[in-house]
Structure formats: structure tokens, C-alpha cells
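Q: Following this line is work-v3.json, made up of JSON, C-alpha atoms (C1' of nucleotides):
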```json
[["chain", "number", "residue", "atom", "x", "y", "z"],
["A", 135, "MET", "CA", 56.87, 16.95, 83.00],
["A", 136, "THR", "CA", 57.37, 16.30, 79.30],
["A", 137, "THR", "CA", 58.98, 18.80, 76.97],
["A", 138, "VAL", "CA", 56.81, 20.31, 74.26],
["A", 139, "PRO", "CA", 58.25, 19.55, 70.80],
["A", 140, "ILE", "CA", 58.72, 22.31, 68.27],
["A", 141, "PRO", "CA", 56.35, 21.61, 65.33],
["A", 142, "GLU", "CA", 57.98, 20.06, 62.26],
["A", 143, "ASP", "CA", 56.80, 22.86, 60.03],
["A", 144, "TRP", "CA", 57.82, 25.67, 62.36],
["A", 145, "PRO", "CA", 59.43, 28.60, 60.50],
["A", 146, "ALA", "CA", 63.21, 28.80, 60.79],
["A", 147, "THR", "CA", 63.78, 32.19, 59.19],
["A", 148, "GLU", "CA", 62.20, 35.61, 59.46],
["A", 149, "GLU", "CA", 61.04, 35.36, 55.86],
["A", 150, "GLN", "CA", 59.18, 32.12, 56.56],
["A", 151, "ALA", "CA", 57.66, 33.60, 59.71],
["A", 152, "HIS", "CA", 56.42, 36.63, 57.76],
["A", 153, "ALA", "CA", 54.85, 34.30, 55.21],
["A", 154, "VAL", "CA", 52.98, 32.44, 57.97],
["A", 155, "GLN", "CA", 51.64, 35.71, 59.38],
["A", 156, "ASP", "CA", 50.58, 36.90, 55.94],
["A", 157, "ALA", "CA", 48.77, 33.61, 55.33],
["A", 158, "LEU", "CA", 46.95, 33.40, 58.67],
["A", 159, "ARG", "CA", 46.02, 37.06, 58.99],
["A", 160, "ALA", "CA", 42.94, 36.61, 56.79],
["A", 161, "ARG", "CA", 41.44, 34.21, 59.34],
["A", 162, "VAL", "CA", 41.16, 36.81, 62.11],
["A", 163, "ILE", "CA", 37.53, 37.49, 62.98],
["A", 164, "LEU", "CA", 36.76, 41.10, 63.87],
["A", 165, "ASP", "CA", 32.98, 41.28, 63.66],
["A", 166, "GLU", "CA", 32.12, 39.48, 66.88],
["A", 167, "PRO", "CA", 31.65, 41.48, 70.11],
["A", 168, "GLY", "CA", 33.19, 38.75, 72.25],
["A", 169, "PRO", "CA", 32.13, 37.41, 75.63],
["A", 170, "PRO", "CA", 30.59, 39.90, 78.09],
["A", 171, "PRO", "CA", 33.03, 41.20, 80.77],
["A", 172, "GLY", "CA", 32.52, 39.90, 84.27],
["A", 173, "GLN", "CA", 30.99, 36.58, 83.23],
["A", 174, "GLY", "CA", 32.35, 33.10, 82.67],
["A", 175, "HIS", "CA", 36.06, 32.33, 82.43],
["A", 176, "VAL", "CA", 38.99, 34.60, 81.63],
["A", 177, "THR", "CA", 42.40, 33.03, 81.10],
["A", 178, "GLY", "CA", 45.82, 34.61, 81.29],
["A", 179, "VAL", "CA", 48.83, 33.16, 79.45],
["A", 180, "ASP", "CA", 52.48, 34.08, 79.82],
["A", 181, "VAL", "CA", 55.96, 32.69, 79.24],
["A", 182, "ALA", "CA", 59.35, 32.79, 81.02],
["A", 183, "TYR", "CA", 62.69, 32.05, 79.37],
["A", 184, "ASP", "CA", 66.15, 30.79, 80.01],
["A", 185, "ASP", "CA", 67.89, 31.27, 76.69],
["A", 186, "GLU", "CA", 71.15, 29.93, 78.11],
["A", 187, "ARG", "CA", 69.60, 26.54, 78.72],
["A", 188, "ASP", "CA", 67.25, 26.88, 75.74],
["A", 189, "VAL", "CA", 64.25, 26.38, 78.01],
["A", 190, "VAL", "CA", 60.87, 28.09, 77.99],
["A", 191, "ALA", "CA", 58.03, 27.64, 80.49],
["A", 192, "ALA", "CA", 54.45, 28.68, 79.80],
["A", 193, "ALA", "CA", 51.47, 29.05, 82.11],
["A", 194, "ALA", "CA", 47.72, 29.37, 81.64],
["A", 195, "VAL", "CA", 45.60, 30.49, 84.58],
["A", 196, "VAL", "CA", 41.80, 30.42, 84.40],
["A", 197, "LEU", "CA", 39.97, 32.97, 86.54],
["A", 198, "ASP", "CA", 36.31, 33.34, 87.34],
["A", 199, "ALA", "CA", 35.58, 36.62, 85.55],
["A", 200, "SER", "CA", 33.30, 37.82, 88.33],
["A", 201, "SER", "CA", 35.32, 37.09, 91.48],
["A", 202, "LEU", "CA", 38.76, 36.92, 89.77],
["A", 203, "GLY", "CA", 39.38, 33.80, 91.80],
["A", 204, "VAL", "CA", 41.57, 31.07, 90.32],
["A", 205, "VAL", "CA", 39.53, 28.26, 88.75],
["A", 206, "ALA", "CA", 42.33, 26.22, 87.15],
["A", 207, "GLU", "CA", 45.99, 26.34, 86.20],
["A", 208, "ALA", "CA", 48.32, 24.50, 83.83],
["A", 209, "THR", "CA", 51.94, 24.78, 82.76],
["A", 210, "ALA", "CA", 54.14, 23.38, 79.98],
["A", 211, "VAL", "CA", 57.87, 23.37, 79.33],
["A", 212, "GLY", "CA", 59.56, 23.44, 75.95],
["A", 213, "ARG", "CA", 62.57, 24.47, 73.89],
["A", 214, "VAL", "CA", 62.95, 28.03, 72.63],
["A", 215, "SER", "CA", 61.41, 27.85, 69.16],
["A", 216, "PHE", "CA", 62.53, 31.17, 67.70],
["A", 217, "PRO", "CA", 64.86, 34.05, 68.62],
["A", 218, "TYR", "CA", 63.36, 37.28, 69.87],
["A", 219, "VAL", "CA", 62.62, 39.48, 66.89],
["A", 220, "PRO", "CA", 60.24, 42.43, 67.33],
["A", 221, "GLY", "CA", 57.16, 41.53, 65.30],
["A", 222, "LEU", "CA", 57.78, 37.78, 65.52],
["A", 223, "LEU", "CA", 57.20, 37.23, 69.23],
["A", 224, "ALA", "CA", 54.47, 34.68, 68.58],
["A", 225, "PHE", "CA", 56.91, 32.20, 67.08],
["A", 226, "ARG", "CA", 58.83, 32.22, 70.33],
["A", 227, "GLU", "CA", 55.88, 31.60, 72.62],
["A", 228, "ILE", "CA", 53.07, 29.81, 70.84],
["A", 229, "PRO", "CA", 54.06, 26.10, 70.90],
["A", 230, "THR", "CA", 54.48, 26.08, 74.67],
["A", 231, "VAL", "CA", 51.49, 28.33, 75.34],
["A", 232, "LEU", "CA", 49.29, 26.03, 73.24],
["A", 233, "ALA", "CA", 50.43, 23.06, 75.30],
["A", 234, "ALA", "CA", 49.60, 24.85, 78.54],
["A", 235, "LEU", "CA", 46.13, 25.78, 77.24],
["A", 236, "GLU", "CA", 45.49, 22.20, 76.12],
["A", 237, "ALA", "CA", 46.46, 20.94, 79.57],
["A", 238, "LEU", "CA", 43.67, 22.93, 81.22],
["A", 239, "PRO", "CA", 40.81, 20.87, 82.68],
["A", 240, "CYS", "CA", 38.16, 23.40, 81.60],
["A", 241, "PRO", "CA", 37.33, 25.80, 78.75],
["A", 242, "PRO", "CA", 39.49, 28.98, 78.89],
["A", 243, "GLY", "CA", 36.83, 31.45, 77.81],
["A", 244, "LEU", "CA", 38.48, 34.74, 76.80],
["A", 245, "VAL", "CA", 42.28, 34.52, 76.59],
["A", 246, "VAL", "CA", 44.34, 37.54, 77.67],
["A", 247, "CYS", "CA", 47.85, 37.73, 76.19],
["A", 248, "ASP", "CA", 50.90, 39.63, 77.40],
["A", 249, "GLY", "CA", 51.62, 41.51, 74.17],
["A", 250, "TYR", "CA", 49.76, 42.66, 71.08],
["A", 251, "GLY", "CA", 47.08, 41.48, 68.68],
["A", 252, "LEU", "CA", 46.20, 43.72, 65.73],
["A", 253, "ALA", "CA", 48.64, 46.37, 66.92],
["A", 254, "HIS", "CA", 51.48, 44.81, 64.98],
["A", 255, "PRO", "CA", 53.61, 45.65, 61.92],
["A", 256, "ARG", "CA", 51.58, 43.20, 59.80],
["A", 257, "ARG", "CA", 48.45, 43.39, 61.96],
["A", 258, "PHE", "CA", 48.97, 39.86, 63.30],
["A", 259, "GLY", "CA", 50.57, 39.87, 66.73],
["A", 260, "LEU", "CA", 50.70, 37.14, 69.35],
["A", 261, "ALA", "CA", 47.10, 37.52, 70.52],
["A", 262, "SER", "CA", 45.67, 37.30, 67.00],
["A", 263, "HIS", "CA", 47.92, 34.37, 66.12],
["A", 264, "LEU", "CA", 46.89, 32.44, 69.24],
["A", 265, "GLY", "CA", 43.24, 33.25, 68.54],
["A", 266, "VAL", "CA", 43.36, 31.94, 64.99],
["A", 267, "LEU", "CA", 45.12, 28.72, 66.03],
["A", 268, "THR", "CA", 42.71, 27.97, 68.89],
["A", 269, "GLY", "CA", 39.51, 29.59, 67.66],
["A", 270, "LEU", "CA", 39.19, 31.24, 71.07],
["A", 271, "PRO", "CA", 38.38, 34.93, 71.65],
["A", 272, "THR", "CA", 41.65, 36.70, 72.52],
["A", 273, "ILE", "CA", 42.93, 40.16, 73.40],
["A", 274, "GLY", "CA", 46.41, 41.59, 73.90],
["A", 275, "VAL", "CA", 47.40, 43.81, 76.81],
["A", 276, "ALA", "CA", 50.95, 45.12, 76.48],
["A", 277, "LYS", "CA", 53.10, 47.10, 78.91],
["A", 278, "ASN", "CA", 54.88, 49.15, 76.24],
["A", 279, "PRO", "CA", 53.70, 51.08, 73.15],
["A", 280, "PHE", "CA", 56.02, 49.14, 70.81],
["A", 281, "THR", "CA", 56.44, 51.25, 67.66],
["A", 282, "PHE", "CA", 53.09, 52.98, 67.97],
["A", 283, "SER", "CA", 52.22, 56.51, 69.00],
["A", 284, "TYR", "CA", 49.56, 57.86, 71.32],
["A", 285, "ASP", "CA", 48.52, 60.94, 73.22],
["A", 286, "ASP", "CA", 48.70, 60.54, 76.97],
["A", 287, "PRO", "CA", 45.20, 59.58, 78.17],
["A", 288, "GLY", "CA", 43.49, 61.45, 81.01],
["A", 289, "THR", "CA", 44.95, 60.82, 84.46],
["A", 290, "ALA", "CA", 41.91, 58.96, 85.80],
["A", 291, "ARG", "CA", 41.53, 55.19, 85.68],
["A", 292, "GLY", "CA", 39.33, 54.31, 82.69],
["A", 293, "SER", "CA", 40.62, 57.13, 80.50],
["A", 294, "SER", "CA", 41.95, 56.08, 77.12],
["A", 295, "SER", "CA", 43.35, 57.38, 73.86],
["A", 296, "ALA", "CA", 43.95, 55.91, 70.44],
["A", 297, "LEU", "CA", 47.06, 53.82, 69.83],
["A", 298, "LEU", "CA", 48.10, 54.82, 66.35],
["A", 299, "ALA", "CA", 50.01, 53.36, 63.44],
["A", 300, "GLY", "CA", 50.14, 56.53, 61.40],
["A", 301, "SER", "CA", 46.48, 57.55, 61.32],
["A", 302, "GLU", "CA", 45.10, 54.04, 61.83],
["A", 303, "GLU", "CA", 43.80, 53.15, 65.29],
["A", 304, "VAL", "CA", 45.31, 49.73, 66.04],
["A", 305, "GLY", "CA", 44.56, 49.70, 69.75],
["A", 306, "ARG", "CA", 44.12, 51.88, 72.78],
["A", 307, "ALA", "CA", 46.27, 53.32, 75.55],
["A", 308, "LEU", "CA", 44.15, 52.59, 78.62],
["A", 309, "ARG", "CA", 44.70, 53.97, 82.11],
["A", 310, "THR", "CA", 44.02, 51.17, 84.59],
["A", 311, "ARG", "CA", 45.25, 53.08, 87.66],
["A", 312, "ASP", "CA", 44.94, 56.77, 88.51],
["A", 313, "GLY", "CA", 48.10, 58.61, 87.53],
["A", 314, "VAL", "CA", 49.97, 55.46, 86.50],
["A", 315, "LYS", "CA", 51.39, 54.66, 83.06],
["A", 316, "PRO", "CA", 48.64, 53.18, 80.83],
["A", 317, "VAL", "CA", 48.59, 49.69, 79.34],
["A", 318, "PHE", "CA", 48.20, 49.13, 75.61],
["A", 319, "VAL", "CA", 45.17, 47.13, 74.57],
["A", 320, "SER", "CA", 44.50, 45.62, 71.17],
["A", 321, "VAL", "CA", 42.07, 43.14, 69.66],
["A", 322, "GLY", "CA", 43.27, 39.60, 69.13],
["A", 323, "HIS", "CA", 40.44, 37.52, 67.67],
["A", 324, "ARG", "CA", 36.64, 37.50, 67.95],
["A", 325, "VAL", "CA", 36.51, 40.49, 70.31],
["A", 326, "THR", "CA", 35.78, 44.17, 69.76],
["A", 327, "LEU", "CA", 38.24, 46.88, 70.88],
["A", 328, "ASP", "CA", 35.63, 48.38, 73.21],
["A", 329, "GLN", "CA", 35.01, 44.99, 74.79],
["A", 330, "ALA", "CA", 38.75, 44.34, 75.04],
["A", 331, "CYS", "CA", 39.11, 47.57, 77.04],
["A", 332, "ALA", "CA", 36.08, 46.72, 79.20],
["A", 333, "HIS", "CA", 37.62, 43.34, 80.01],
["A", 334, "THR", "CA", 40.94, 44.95, 80.82],
["A", 335, "LEU", "CA", 39.30, 47.33, 83.28],
["A", 336, "ALA", "CA", 37.37, 44.46, 84.87],
["A", 337, "LEU", "CA", 40.68, 42.65, 85.36],
["A", 338, "THR", "CA", 42.50, 45.57, 86.98],
["A", 339, "PRO", "CA", 40.71, 46.37, 90.26],
["A", 340, "ALA", "CA", 44.00, 46.86, 92.10],
["A", 341, "TYR", "CA", 47.02, 46.77, 89.80],
["A", 342, "ARG", "CA", 48.06, 48.25, 86.46],
["A", 343, "ILE", "CA", 48.51, 44.81, 84.89],
["A", 344, "PRO", "CA", 45.50, 42.49, 84.44],
["A", 345, "GLU", "CA", 45.05, 39.90, 87.19],
["A", 346, "THR", "CA", 45.19, 37.22, 84.51],
["A", 347, "THR", "CA", 48.69, 38.05, 83.31],
["A", 348, "ARG", "CA", 49.93, 38.71, 86.86],
["A", 349, "ARG", "CA", 48.85, 35.20, 87.85],
["A", 350, "ALA", "CA", 50.22, 33.62, 84.67],
["A", 351, "ASP", "CA", 53.52, 35.51, 85.04],
["A", 352, "ALA", "CA", 54.03, 34.25, 88.59],
["A", 353, "LEU", "CA", 53.15, 30.69, 87.60],
["A", 354, "CYS", "CA", 55.41, 30.40, 84.56],
["A", 355, "ARG", "CA", 58.36, 31.78, 86.53],
["A", 356, "GLU", "CA", 57.75, 29.21, 89.19],
["A", 357, "ALA", "CA", 57.52, 26.49, 86.54],
["A", 358, "LEU", "CA", 60.83, 27.63, 85.08],
["A", 359, "ARG", "CA", 62.48, 27.53, 88.51],
["A", 360, "LYS", "CA", 61.27, 24.00, 89.16],
["A", 361, "THR", "CA", 62.94, 23.09, 85.91],
["A", 362, "TYR", "CA", 66.37, 23.59, 87.49],
["A", 363, "SER", "CA", 65.99, 21.38, 90.56],
["A", 364, "ALA", "CA", 63.85, 18.59, 89.18],
["B", 228, "DG", "C1'", 72.75, 53.38, 56.28],
["B", 229, "DC", "C1'", 71.37, 54.10, 61.48],
["B", 230, "DG", "C1'", 68.25, 53.67, 65.25],
["B", 231, "DA", "C1'", 63.83, 51.80, 67.46],
["B", 232, "DC", "C1'", 61.49, 47.89, 68.60],
["B", 233, "DA", "C1'", 55.63, 43.45, 72.27],
["B", 234, "DG", "C1'", 58.47, 39.72, 75.46],
["C", 174, "DA", "C1'", 62.49, 38.65, 78.65],
["C", 175, "DT", "C1'", 66.68, 38.84, 82.08],
["C", 176, "DC", "C1'", 70.72, 40.64, 85.06],
["C", 177, "DT", "C1'", 69.62, 42.35, 90.55],
["C", 178, "DT", "C1'", 69.37, 45.01, 97.00],
["C", 179, "DG", "C1'", 67.86, 48.07, 99.14],
["C", 180, "DT", "C1'", 64.84, 51.59, 99.67],
["C", 181, "DC", "C1'", 61.29, 55.49, 99.40],
["C", 182, "DG", "C1'", 56.41, 55.92, 100.03],
["C", 183, "DC", "C1'", 51.37, 54.90, 100.88]]
```
Could you write out this file's structure as C-alpha cells?

A:
Amino acid sequence: MTTVPIPEDWPATEEQAHAVQDALRARVILDEPGPPPGQGHVTGVDVAYDDERDVVAAAAVVLDASSLGVVAEATAVGRVSFPYVPGLLAFREIPTVLAALEALPCPPGLVVCDGYGLAHPRRFGLASHLGVLTGLPTIGVAKNPFTFSYDDPGTARGSSSALLAGSEEVGRALRTRDGVKPVFVSVGHRVTLDQACAHTLALTPAYRIPETTRRADALCREALRKTYSA
DNA sequence: GCGACAG
DNA sequence: ATCTTGTCGC
């Protein structure tokens, strides 16, 4: 497999990365409802790292939104394009994730990211960034509340509460399993927060984490492992 | 200035 | 994210 090159114009400093986010943020589309849950394709993307070897592996897994069966998969391997800095995660993952998405044999439909969209210090997290670059509808489903606050949602699956940046609702804490820690959903691009939550529930019939990111997580780890032997 | 901080 | 075995519980 070929190694994904880091773009020539990729930011090298935090200041440059902030400037890119500030410039692209205006292109996020928030007035579209997004695709209906349970129909068409839903694609999960995720990334695994080996900072020692400076290697990153990304995976994109397309599921049938109705059956949650796997329709297609693709992976890509690249060099780590940015250090981990809270708020700048996108610059670490996007080049390789884009390559994996482009390697898919079919349209991805809605893309589900492992992280945040609008719930971000500058309202432009990974999911929004990926959405603007691809034009695809995207949402972010994170495992941790990052710097945001929230009241614990009801104990039943489906319960939710506002994820807050001060008094602004930037996402939602959504319970996907009875009595289990909620996930944190935010809008990426071309999807409404209500629809993002509906999709998340449709993707969690058995586990806390969406089936899309579970599949993508397993696949990118496997791709990273194969990078050692071959 | 010191901590906290998606993955 | 990643380092890492067994173990408690449904």
C-alpha cells in the first residue's frame, strides 16, 4: 500500500492551524436536515497511530443504514501530519482519512466521526472540517465531554441533555445504553443536531459506541498492525 | 501563571 | 491515542 503524502500547504504551527479553521468555518452548512436515519449508507471513519514510527492508519467502513451490515471498506496509511493538540485534532487525522474515503468503491452517505464537530473551541472540530473538505454530511460522536459541561441525562437509552459551552448548546450528551455513560454528539456539516442524535441511536442497537466507529476502529488497528510485518 | 483538554 | 492480564459479571 502506498503512503499518503502530507499536503504541501499543510499547517506547521498552531497559529497556522487556527487560521485555517477560522477561514473554513464559514463554509459549514447548518440549515440542512441531513439524510434520514435508517436509509442509505452510513460510513464510520477512524485512525490509529504509532508516533514512534511516525505512522498513521485510517479506515472508512460503509454500512447499510438499515441492516448495519458492512457494504464496503477501505484503508490508507500515512505519516503523522501534526502533533496532538486539543482543538487541532483534525490536522492529525484528515489527510489519511480523506485517502481512505477516496478509496471507497461507493458513495459514503453520512460520515460519522470519532470526535467533535461544532462542539469545539472555535466551532470547527474534526467532523465539521471533514464535512467542508468533502461536501459530505457529517456528525461527530465523541466518548468524552472535552472542555464542555452537561447535566447527566436520564438513565434510559435515548435520554439526552445539552452539551454546553457556557450557555451555548454546542451538542448533546446522549445515552445510548441504559445506565451507561453517554456519548457526546455534535453536528459536523449539513446535518441537524436532532438528526445527528437520531442517527446515533440508530447506530447503537447493542453498544455505547456507534457501529460505524466500532467497525472503523477495528479496521484501522488491523491496518496499522499489517504495517509492521509487510 | 497553573491546570484541563476530542484522539 | 497508547502502554497492558486477568478478572468480575450478565

Q: Could you name the residues that touch region 175-177 of chain C at 12 Å or less, counting only C-alpha atoms (C1' of nucleotides), but leaving out those on the same chain fewer than 4 positions away, as an MDAnalysis selection string?

A: (chainID A and resid 182:186 355) or (chainID B and resid 234)

Q: Find the residues in chain A near chain B: any atom within 12 Å counts, using all atoms listed in the file. Write them as a VMD selection string.

A: chain A and resid 180 to 183 217 to 227 247 to 255 258 to 261 274 to 282 317 to 320 351

Q: Env of Leu244 (chain A): 6 Å cut, atoms = all atoms listed in the file, seq-sep filter 3 positions within chain, self excluded. Answer as a PyMOL selection string.

A: chain A and resi 176+271-272

Q: May I ask for the distance between CA of Ser283 (chain A) and CA of Val325 (chain A), given in Å to one decimal place?

A: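 Computing the Euclidean distance for CA of Ser283 (chain A) and CA of Val325 (chain A) yields 22.5 Å.
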